[in-house]
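Step one of this worksheet: look at the structure below.
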Amino acid sequence: MLASILASGLAAGAIYALVGVTYNTMFSTSRVMSFTAGQLAMLGGVFGSMFTLKLGLPIAVGFVLTLLCCAVIGIITEFVAVRPVLKSLDQHLYVLSTLAVALMIQQVTAIKWGTEPQRSRAS
């Protein structure tokens, strides 16, 4: 049981570390602090689960589709929340716009897939 708890904790910590590295990489390359990185990580889990468990696709196909879906959402976020705001006079409005998009992603995900854990098809 201790090994299971340790493995679970290390896996969760690794995910948080990857999200932190994503924030750092995004800010150091573009000087934009986008609050949507955490939501994209959450969507990666939701899409991956949907493609592999609910739709029964092979893991490799589900992984590629998950990457494509999250990339499309990231590109949409760039064009909707970041670029229009960076052209304005106040350069720090992107913080509010990306936070608003992150909250919208979170709420749409909660409405579409719910907030409770769901059983997989195999269970």
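Each chain of the structure tokens is named A, B, ... in the order shown, its residues numbered from 1; ligands are numbered from 1 in display order.
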
For this session: Using only C-alpha atoms, determine which residues lie at most 6 Å from A:Gly62, disregarding the query and same-chain residues fewer than 3 positions distant; provide the list as a list in words.
Result: Gly48, Phe51, Thr52, Leu57, Ile59, Leu65 and Thr66 of chain A

Got time to write the residues from that selection, C-alpha atoms, as a PDB file, in the first residue's frame?
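Writing the result to result33.pdb gives the following:
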ATOM      1  CA  GLY A  48      -6.980  11.181 -23.209  1.00  0.00           C
ATOM      2  CA  PHE A  51     -10.418   8.854 -26.496  1.00  0.00           C
ATOM      3  CA  THR A  52      -8.936   5.735 -24.916  1.00  0.00           C
ATOM      4  CA  LEU A  57      -9.287   3.934 -29.363  1.00  0.00           C
ATOM      5  CA  ILE A  59      -3.484   4.435 -26.767  1.00  0.00           C
ATOM      6  CA  LEU A  65      -5.709  13.050 -30.902  1.00  0.00           C
ATOM      7  CA  THR A  66      -5.237  14.466 -27.409  1.00  0.00           C
TER       8      THR A  66
END

For this session: Pull the helix (DSSP H, G or I) assignments for stretch 23-101 of chain A out of DSSP run on the backbone, and list those residues as JSON, numbers by chain.
Result: {"A": [23, 24, 25, 26, 27, 28, 29, 30, 37, 38, 39, 40, 41, 42, 43, 44, 45, 46, 47, 48, 49, 50, 51, 52, 53, 54, 59, 60, 61, 62, 63, 64, 65, 66, 67, 68, 69, 70, 71, 72, 73, 74, 75, 76, 77, 78, 79, 80, 81, 82, 83, 84, 85, 86, 93, 94, 95, 96, 97, 98, 99, 100, 101]}

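Counting from atom CA of A:Ala41, the distance to atom CA of A:Tyr16 is 9.2 Å.
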
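With atom CA of A:Ala110 on one side and atom CA of A:Val46 on the other, the separation reads 10.4 Å.
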
For this session: Determine, counting only C-alpha atoms, which protein, DNA and RNA residues have an atom within 9 Å of an atom of stretch 28-36 of chain A; residues of the same chain fewer than 2 positions away are not included. Present the result as a ChimeraX atom specification.
Result: /A:23-26,38-41,74,77,82,92,94-103,105

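The spacing separating atom CA of A:Leu53 from atom CA of A:Leu2 amounts to 27.3 Å.
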